[in-house]
Amino acid sequence: MNFRRFALIFLPYGWLLALFLVPFIIVLKISLSDIALAIPPYSPTIDFSGGWKGLTGFLGKLDFENFVFLTMDDLYWKAYLSSLKIALLATFATLLVGFPIAYGMARAPEEWRPTLMMLVILPFWTSFLIRVYAWIGILSQEGYLNQFLLWTGIISNPLLILNTNAAVYIGIVYTYLPFMILPIYASLEKMDISLLEAAEDLGCSRTQAFWLITLPLSRSGIIAGCFLVFIPTIGEFVIPSLLGGSGTLMIGKVLWEEFFSNRDWPVASAVAVILLLILVVPIVLFQRNQQKQAEAEE
Amino acid sequence: MAQAKGQKVFAPWEDANEKPLIQFKGVTKKFGDFVAIDDIDLDIFAKEFFALLGPSGCGKTTLMRMLAGFETPTKGVIMLDGQDIDPVPANKRPVNMMFQSYALFPHLTVEQNIAFGLKRSPMPKDEIPARVDEMLKLTRLSRFAKRKPHQISGGQRQRVALARSLAKAPKLLLLDEPLGALDKKLRQDTQFELMDIQEKTGTTFVIVTHDQEEAMTVASRVAVMNEGKLIQVSTPDRIYENPNSLYVADFIGEVNIIRGKCSPHKKSEDRYEINWAEDQPKLIATSDQPFGKDDACAMAIRPEKITISAEKPEGTPNVLKGRVHDIGYLGSISTYHVQLPSGEIIKAQTTNSRRISRRSFTWDDEVWLSWTETAGILLPDAPLVTS
């Protein structure tokens with residue numbers, strides 16, 4: 001009995017320990033190391049054969065130099081800020097696109113809903129990378145969008161969309177839309193339609209009923225959707241590097257360049273650690289929202 | 001409805017000068033090919049407690065939703081206070097509805113729920129709290145004003161829904177199965193509370209229910225509906241004692257139905273003899289409806305109007321012999337299922353005024369059933385819709 005209880009508690013904690021805490025400690029360790037021309041490209045490394053003395057010697061060589069370096073070069077904090085700004089705006093844009101879709105799905109005839117749900121999930125069945133590449137074909141100057149707009153005569157010169165921030169926003173909204181739609185749909189679908197009739201019966205117009213009843217009741221879905229988009233968008237790397245231009249500054253891109261172009265693993269790790277610390281706040285808020293929602297439902 | 005002594009009996013439907021508050025004139029409602037409401041004419045008067053009663057799918061909810069403004073009639077006119085309400089949208093009608101699910105706004109407190117309608121009315125802002133207070137007192141909810149709907153009991157939620165729908169002092173309050181979600185004991189208490197509140201506020205109530213006991217208890221008049229038609233509209237006692245059809249007799253309460261052929265009684269005009277079985281004596285019953293000789297008819301008689309005795313009673317016209325087949329003991333009353341020699345089962349009810357051990361007959365005893373000439377009612381024969 002006691003063993004079973006222990007196993008039950010240990011499993012999730014063991015999982016977190018092995019797959020989250022251990023890798024984080026490794027990254028943290030690298031971030032406190034110095035760059036070196038070696039394999040791996042940093043020093044010191046742990047030498048277990050050295051025993052206790054080797055370990056203390058190793059710990060003595062760790063320092064916060066890389067973190068200090070991050071504050072010296074304004075590239076880093078600018079990249080963090082720019083990432084936050086892009087993530088915030090993209091989340092808001094995803095909400096604006098996603099809410100009406102979720103609303104339409106929740107109000108669609110019941111027999112249609114599984115199909116609509118399928119259509120939202122279907123893009124996940126292809127590789128994310130391929131879908132982002134496809135957008136290059138759509139957004140480039142000779143792409144389908146420009147061809148179509150030229151053909152209809154709306155524009156006379158092709159628009160420059162690819163390799164700008166606009167393309168990054170389009171890519172993010174497209175990629176993360178399902179994460180916005182699904183939680184909002186879930187909260188809207190649960191809503192009792194007679195609440196809207198009651199609001200109307202008590203003197204509300206349809207629009208008033210939407211603002212006073214529908215929106216507050218889908219709040220937890222909106223919050224969950226926003227966090228699900230916001231959190232991964234901050235560290236997004238693929239979309240800005242494929243669709244963005246040289247002017248697109250995002251921390252994910254900086255991180256990638258530190259690792260693979262500069263081969264400065266310690267600085268890259270420091271960037272990653274700070275990114276994680278920044279993300280702790282929204283993740284905690286998200287968890288709290290989920291918990292509140294679960295409490296309201298019981 | 002209870003009436004104080006000396007007061008004129010409340011019966012505006014019998015007064016030809018009285019103007020109805022609501023008038024349905026030839027109203028039909030179709031959903032595609034399905035006829036939900038079939039050419040209904042109905043008058044409902046101010047201050048009435050009017051019940052729409054029928055099995056599910058009979059159109060009673062549709063009728064109510066048309067009053068609320070959530071459905072529009074396919075044909076016909078609905079008048080409220082002498083005005084056609086068809087062009088008035090739901091949110092502009094002086095009609096409020098209490099929903100079956102209560103439809104309380106889960107994100108608002110009890111107080112905010114009640115104030116919701118008032119905030120969207122022309123009532124000045126500073127008068128709203130007083131009105132909310134009044135409603136809270138009326139429904140005994142003052143202690144729960146700050147709670148959210150999920151923090152109170154089912155009975156309290158029901159009262160919040162009532163308070164919210166009454167807050168705007170509507171001309172007409174619609175109640176959709178208002179007590180359906182409550183357990184039996186609470187339901188009975190709440191029925192009387194509803195009647196009290198209706199009398200206090202003087203609002204016209206229209207209630208939709210499938211529970212005939214509930215309709216009989218609360219309503220001043222009951223409309224029995226079936227398949228989109230009004231079968232009978234009358235006071236509860238007339239519905240029970242003088243059903244106009246076999247459907248109503250069977251739908252309301254328990255009833256014994258004896259089918260046969262009738263012939264007019266020699267001595268009296270409204271009495272008929274019923275020949276219902278070869279070897280059984282003819283039965284005598286009254287009827288408001290005229291019957292010809294040998295018309296197919298059915299006599300409906302309520303179990304409590306049948307006397308059951310161990311010895312053959314003298315001087316009663318309708319006497320049948322049978323054997324006790326089953327006894328349903330309900331505490332205050334017992335229902336005896338008596339099997340006639342022909343195999344038919346007749347239900348008879350008596351109050352248990354004596355202790356059960358002193359009962360003079362029990363299972364398989366031979367007993368006599370008897371009732372007076374006016375106890376049964378004769379109706380045209382019709383197939384029964386068993387719901």
# chains A, B, ... in the order shown; residues from 1 in each chain; ligands from 1
$ interface_residues --of "chain A" --to "chain B" --cutoff "10 Å" --atoms "only C-alpha atoms" --output "PyMOL selection string"
chain A and resi 192-206+208+212-213+216-217+296-298
$ write_last_selection --atoms "N, CA and C atoms" --output "short mmCIF file (atom, residue, chain, number, x, y, z; two decimals), in the first residue's frame"
data_model
loop_
_atom_site.label_atom_id
_atom_site.label_comp_id
_atom_site.auth_asym_id
_atom_site.auth_seq_id
_atom_site.Cartn_x
_atom_site.Cartn_y
_atom_site.Cartn_z
N ASP A 192 -24.70 27.65 -21.57
CA ASP A 192 -26.12 27.36 -21.74
C ASP A 192 -26.75 28.48 -22.57
N ILE A 193 -27.33 28.12 -23.71
CA ILE A 193 -27.91 29.13 -24.61
C ILE A 193 -29.06 29.87 -23.93
N SER A 194 -29.73 29.21 -22.99
CA SER A 194 -30.86 29.89 -22.34
C SER A 194 -30.39 31.11 -21.53
N LEU A 195 -29.08 31.18 -21.22
CA LEU A 195 -28.56 32.38 -20.54
C LEU A 195 -28.73 33.60 -21.43
N LEU A 196 -28.51 33.42 -22.74
CA LEU A 196 -28.65 34.54 -23.67
C LEU A 196 -30.12 34.91 -23.82
N GLU A 197 -30.98 33.90 -23.84
CA GLU A 197 -32.41 34.18 -23.92
C GLU A 197 -32.86 34.92 -22.66
N ALA A 198 -32.32 34.50 -21.51
CA ALA A 198 -32.67 35.16 -20.26
C ALA A 198 -32.23 36.62 -20.30
N ALA A 199 -31.02 36.86 -20.81
CA ALA A 199 -30.52 38.23 -20.90
C ALA A 199 -31.42 39.07 -21.80
N GLU A 200 -31.82 38.46 -22.91
CA GLU A 200 -32.68 39.18 -23.84
C GLU A 200 -34.05 39.44 -23.20
N ASP A 201 -34.54 38.43 -22.50
CA ASP A 201 -35.83 38.55 -21.83
C ASP A 201 -35.81 39.68 -20.80
N LEU A 202 -34.63 39.91 -20.20
CA LEU A 202 -34.52 40.94 -19.17
C LEU A 202 -34.17 42.30 -19.77
N GLY A 203 -34.20 42.42 -21.08
CA GLY A 203 -34.08 43.74 -21.71
C GLY A 203 -32.79 44.01 -22.46
N CYS A 204 -31.91 43.00 -22.60
CA CYS A 204 -30.66 43.22 -23.32
C CYS A 204 -30.88 43.12 -24.81
N SER A 205 -30.10 43.88 -25.57
CA SER A 205 -30.05 43.63 -27.00
C SER A 205 -29.05 42.49 -27.20
N ARG A 206 -29.00 41.96 -28.43
CA ARG A 206 -28.07 40.85 -28.69
C ARG A 206 -26.63 41.25 -28.38
N GLN A 208 -25.52 43.66 -26.36
CA GLN A 208 -25.32 43.79 -24.91
C GLN A 208 -25.15 42.41 -24.28
N LEU A 212 -22.10 41.28 -21.96
CA LEU A 212 -22.39 41.06 -20.54
C LEU A 212 -22.40 39.60 -20.14
N ILE A 213 -22.69 38.70 -21.08
CA ILE A 213 -22.82 37.29 -20.72
C ILE A 213 -21.78 36.43 -21.45
N PRO A 216 -17.84 37.44 -20.61
CA PRO A 216 -17.37 37.06 -19.28
C PRO A 216 -17.34 35.55 -19.07
N LEU A 217 -18.28 34.82 -19.67
CA LEU A 217 -18.33 33.39 -19.44
C LEU A 217 -17.28 32.64 -20.25
N ALA A 296 -14.24 26.43 -10.45
CA ALA A 296 -15.56 26.96 -10.78
C ALA A 296 -16.46 25.87 -11.36
N GLU A 297 -15.83 24.85 -11.95
CA GLU A 297 -16.63 23.82 -12.60
C GLU A 297 -17.14 22.77 -11.65
N GLU A 298 -16.43 22.56 -10.53
CA GLU A 298 -16.85 21.45 -9.66
C GLU A 298 -18.18 21.75 -8.98
#
$ residues_around --residues "B:Leu320" --least-positions-apart "3" --cutoff "12 Å" --atoms "only C-alpha atoms" --output "ChimeraX atom specification"
/B:277,279-283,306-313,316-317,323,338-342,344-346,348,366-371
$ write_last_selection --atoms "N, CA and C atoms" --output "mmCIF file, in the first residue's frame"
data_model
loop_
_atom_site.group_PDB
_atom_site.id
_atom_site.type_symbol
_atom_site.label_atom_id
_atom_site.label_comp_id
_atom_site.auth_asym_id
_atom_site.auth_seq_id
_atom_site.Cartn_x
_atom_site.Cartn_y
_atom_site.Cartn_z
ATOM 1 N N ALA B 277 -71.316 -5.268 -20.504
ATOM 2 C CA ALA B 277 -70.930 -6.680 -20.550
ATOM 3 C C ALA B 277 -72.200 -7.506 -20.506
ATOM 4 N N ASP B 279 -73.243 -10.332 -19.115
ATOM 5 C CA ASP B 279 -73.824 -10.906 -17.903
ATOM 6 C C ASP B 279 -73.759 -9.957 -16.709
ATOM 7 N N GLN B 280 -73.526 -8.675 -16.989
ATOM 8 C CA GLN B 280 -73.408 -7.725 -15.880
ATOM 9 C C GLN B 280 -74.569 -6.735 -15.928
ATOM 10 N N PRO B 281 -74.957 -6.256 -14.764
ATOM 11 C CA PRO B 281 -76.042 -5.275 -14.748
ATOM 12 C C PRO B 281 -75.625 -3.995 -15.463
ATOM 13 N N LYS B 282 -76.607 -3.281 -16.027
ATOM 14 C CA LYS B 282 -76.303 -2.023 -16.697
ATOM 15 C C LYS B 282 -75.899 -0.977 -15.671
ATOM 16 N N LEU B 283 -75.020 -0.080 -16.089
ATOM 17 C CA LEU B 283 -74.558 0.981 -15.194
ATOM 18 C C LEU B 283 -75.276 2.271 -15.563
ATOM 19 N N ILE B 306 -65.667 5.475 -5.746
ATOM 20 C CA ILE B 306 -66.216 4.119 -5.654
ATOM 21 C C ILE B 306 -66.137 3.647 -4.207
ATOM 22 N N THR B 307 -67.255 3.154 -3.705
ATOM 23 C CA THR B 307 -67.284 2.625 -2.340
ATOM 24 C C THR B 307 -67.025 1.130 -2.418
ATOM 25 N N ILE B 308 -66.194 0.668 -1.509
ATOM 26 C CA ILE B 308 -65.900 -0.759 -1.479
ATOM 27 C C ILE B 308 -66.427 -1.319 -0.154
ATOM 28 N N SER B 309 -67.164 -2.419 -0.213
ATOM 29 C CA SER B 309 -67.737 -2.948 1.025
ATOM 30 C C SER B 309 -67.774 -4.475 0.982
ATOM 31 N N ALA B 310 -67.822 -5.079 2.150
ATOM 32 C CA ALA B 310 -67.817 -6.532 2.247
ATOM 33 C C ALA B 310 -69.204 -7.103 1.978
ATOM 34 N N GLU B 311 -70.247 -6.311 2.338
ATOM 35 C CA GLU B 311 -71.613 -6.783 2.096
ATOM 36 C C GLU B 311 -72.238 -6.012 0.950
ATOM 37 N N LYS B 312 -73.212 -6.621 0.311
ATOM 38 C CA LYS B 312 -73.861 -5.972 -0.821
ATOM 39 C C LYS B 312 -74.638 -4.747 -0.342
ATOM 40 N N PRO B 313 -74.318 -3.565 -0.861
ATOM 41 C CA PRO B 313 -75.023 -2.372 -0.413
ATOM 42 C C PRO B 313 -76.424 -2.319 -1.019
ATOM 43 N N THR B 316 -78.356 1.374 -4.065
ATOM 44 C CA THR B 316 -77.431 2.098 -4.937
ATOM 45 C C THR B 316 -77.590 1.539 -6.346
ATOM 46 N N PRO B 317 -77.601 2.399 -7.340
ATOM 47 C CA PRO B 317 -77.865 1.903 -8.688
ATOM 48 C C PRO B 317 -76.726 1.085 -9.288
ATOM 49 N N ARG B 323 -63.405 -9.443 -6.772
ATOM 50 C CA ARG B 323 -62.492 -10.067 -5.819
ATOM 51 C C ARG B 323 -61.268 -9.155 -5.678
ATOM 52 N N VAL B 338 -59.713 -4.319 -7.789
ATOM 53 C CA VAL B 338 -60.733 -5.359 -7.679
ATOM 54 C C VAL B 338 -60.966 -5.968 -9.057
ATOM 55 N N GLN B 339 -60.854 -7.289 -9.117
ATOM 56 C CA GLN B 339 -61.046 -7.953 -10.397
ATOM 57 C C GLN B 339 -62.505 -8.389 -10.515
ATOM 58 N N LEU B 340 -63.128 -7.996 -11.635
ATOM 59 C CA LEU B 340 -64.507 -8.395 -11.886
ATOM 60 C C LEU B 340 -64.501 -9.797 -12.494
ATOM 61 N N PRO B 341 -65.625 -10.493 -12.460
ATOM 62 C CA PRO B 341 -65.668 -11.839 -13.063
ATOM 63 C C PRO B 341 -65.251 -11.813 -14.528
ATOM 64 N N SER B 342 -65.478 -10.682 -15.202
ATOM 65 C CA SER B 342 -65.097 -10.601 -16.614
ATOM 66 C C SER B 342 -63.589 -10.436 -16.800
ATOM 67 N N GLU B 344 -61.811 -7.752 -15.844
ATOM 68 C CA GLU B 344 -61.397 -6.350 -15.771
ATOM 69 C C GLU B 344 -61.022 -5.959 -14.344
ATOM 70 N N ILE B 345 -60.089 -5.024 -14.268
ATOM 71 C CA ILE B 345 -59.668 -4.540 -12.953
ATOM 72 C C ILE B 345 -60.257 -3.146 -12.737
ATOM 73 N N ILE B 346 -60.923 -2.960 -11.602
ATOM 74 C CA ILE B 346 -61.447 -1.647 -11.237
ATOM 75 C C ILE B 346 -60.691 -1.180 -9.997
ATOM 76 N N ALA B 348 -60.449 1.115 -6.724
ATOM 77 C CA ALA B 348 -61.285 1.837 -5.754
ATOM 78 C C ALA B 348 -60.399 2.321 -4.635
ATOM 79 N N GLU B 366 -64.118 -11.573 -1.393
ATOM 80 C CA GLU B 366 -65.158 -11.097 -2.285
ATOM 81 C C GLU B 366 -65.666 -9.750 -1.774
ATOM 82 N N VAL B 367 -65.759 -8.772 -2.660
ATOM 83 C CA VAL B 367 -66.204 -7.442 -2.215
ATOM 84 C C VAL B 367 -67.237 -6.897 -3.206
ATOM 85 N N TRP B 368 -67.907 -5.853 -2.759
ATOM 86 C CA TRP B 368 -68.887 -5.179 -3.608
ATOM 87 C C TRP B 368 -68.419 -3.758 -3.863
ATOM 88 N N LEU B 369 -68.471 -3.363 -5.122
ATOM 89 C CA LEU B 369 -68.150 -1.987 -5.486
ATOM 90 C C LEU B 369 -69.452 -1.281 -5.816
ATOM 91 N N SER B 370 -69.581 -0.039 -5.369
ATOM 92 C CA SER B 370 -70.811 0.687 -5.692
ATOM 93 C C SER B 370 -70.531 2.167 -5.827
ATOM 94 N N TRP B 371 -71.317 2.853 -6.641
ATOM 95 C CA TRP B 371 -71.212 4.300 -6.751
ATOM 96 C C TRP B 371 -72.536 4.894 -7.194
#
$ residues_around --residues "A:Asn289" --least-positions-apart "4" --cutoff "10 Å" --atoms "only C-alpha atoms" --output "PDB file with C-alpha atoms, in the first residue's frame"
ATOM      1  CA  ARG A 219     -13.029  34.554 -20.111  1.00  0.00           C
ATOM      2  CA  SER A 220     -11.147  31.528 -18.804  1.00  0.00           C
ATOM      3  CA  GLY A 221     -11.018  30.095 -22.331  1.00  0.00           C
ATOM      4  CA  ILE A 223      -7.040  33.598 -20.965  1.00  0.00           C
ATOM      5  CA  ALA A 224      -5.968  29.986 -21.517  1.00  0.00           C
ATOM      6  CA  PHE A 227      -1.201  32.050 -22.706  1.00  0.00           C
ATOM      7  CA  ILE A 283       3.260  30.145 -16.865  1.00  0.00           C
ATOM      8  CA  VAL A 284       2.333  30.612 -13.199  1.00  0.00           C
ATOM      9  CA  LEU A 285      -0.530  32.928 -14.186  1.00  0.00           C
ATOM     10  CA  GLN A 293     -11.562  27.291 -13.903  1.00  0.00           C
ATOM     11  CA  ALA A 294     -11.433  23.767 -12.525  1.00  0.00           C
ATOM     12  CA  GLU A 295     -12.707  25.054  -9.178  1.00  0.00           C
TER      13      GLU A 295
END
$ residues_around --residues "A:Ser218" --least-positions-apart "2" --cutoff "10 Å" --atoms "only C-alpha atoms" --output "ChimeraX atom specification"
/A:99,103,183-191,213-216,220-223
$ residues_around --residues "A:Leu160" --least-positions-apart "2" --cutoff "8 Å" --atoms "only C-alpha atoms" --output "list of chain:residue names"
A:Ser140, A:Gln141, A:Pro158, A:Leu162, A:Asn163, A:Thr164
$ select_by_dssp --residues "stretch 87-227 of chain B" --states "strand (DSSP E or B)" --output "PyMOL selection string"
chain B and resi 95-98+172-176+204-209+221-226
$ closest_residue --among "A:Ala7, A:Ser269, A:Asp73, A:Leu275" --to "A:Glu236" --atoms "only C-alpha atoms"
A:Leu275
$ atom_distance --atom1 "atom CA of A:Ala87" --atom2 "atom CA of A:Val132"
17.3 Å
$ residues_around --residues "A:Leu59" --least-positions-apart "3" --cutoff "12 Å" --atoms "only C-alpha atoms" --output "PyMOL selection string"
chain A and resi 29-30+32-33+43-47+52-56+62-63
$ write_last_selection --atoms "N, CA and C atoms" --output "CSV table (one decimal), in the first residue's frame"
chain,number,residue,atom,x,y,z
A,29,LYS,N,24.5,25.1,-15.8
A,29,LYS,CA,25.9,24.9,-15.6
A,29,LYS,C,26.7,25.4,-16.7
A,30,ILE,N,26.2,25.2,-17.9
A,30,ILE,CA,26.9,25.7,-19.1
A,30,ILE,C,27.0,27.2,-19.1
A,32,LEU,N,27.2,29.1,-16.7
A,32,LEU,CA,28.1,29.6,-15.7
A,32,LEU,C,29.6,29.3,-16.1
A,33,SER,N,29.7,28.6,-17.3
A,33,SER,CA,31.1,28.3,-17.7
A,33,SER,C,31.7,29.3,-18.6
A,43,SER,N,34.5,25.4,-20.8
A,43,SER,CA,35.2,24.8,-19.6
A,43,SER,C,34.7,25.5,-18.4
A,44,PRO,N,34.8,24.9,-17.2
A,44,PRO,CA,35.3,23.6,-16.9
A,44,PRO,C,34.3,22.5,-17.2
A,45,THR,N,34.7,21.3,-17.3
A,45,THR,CA,33.8,20.1,-17.4
A,45,THR,C,34.0,19.3,-16.1
A,46,ILE,N,33.0,18.6,-15.7
A,46,ILE,CA,33.1,17.8,-14.5
A,46,ILE,C,33.9,16.6,-14.8
A,47,ASP,N,34.9,16.3,-13.9
A,47,ASP,CA,35.7,15.1,-14.0
A,47,ASP,C,35.4,14.3,-12.8
A,52,TRP,N,36.1,14.3,-4.7
A,52,TRP,CA,35.6,15.5,-4.0
A,52,TRP,C,36.3,16.7,-4.4
A,53,LYS,N,37.6,16.5,-4.4
A,53,LYS,CA,38.5,17.7,-4.7
A,53,LYS,C,38.2,18.2,-6.1
A,54,GLY,N,38.1,17.3,-7.1
A,54,GLY,CA,37.8,17.7,-8.4
A,54,GLY,C,36.5,18.4,-8.5
A,55,LEU,N,35.5,18.0,-7.7
A,55,LEU,CA,34.2,18.7,-7.8
A,55,LEU,C,34.2,20.1,-7.3
A,56,THR,N,34.9,20.3,-6.1
A,56,THR,CA,35.0,21.6,-5.5
A,56,THR,C,35.8,22.5,-6.5
A,62,LEU,N,33.2,28.2,-11.8
A,62,LEU,CA,31.9,28.7,-12.3
A,62,LEU,C,31.8,30.2,-11.9
A,63,ASP,N,31.2,31.0,-12.8
A,63,ASP,CA,30.9,32.4,-12.4
A,63,ASP,C,29.8,33.0,-13.3
$ select_by_dssp --residues "stretch 265-380 of chain B" --states "helix (DSSP H, G or I)" --output "ChimeraX atom specification"
/B:303-305,356-358
$ closest_residue --among "B:Leu42, B:Leu172, B:Val132, B:Val110" --to "B:Arg159" --atoms "only C-alpha atoms"
B:Val110
$ closest_residue --among "B:Pro87, B:Gly59, B:Gly180, B:Pro380" --to "B:Ser287" --atoms "only C-alpha atoms"
B:Pro380
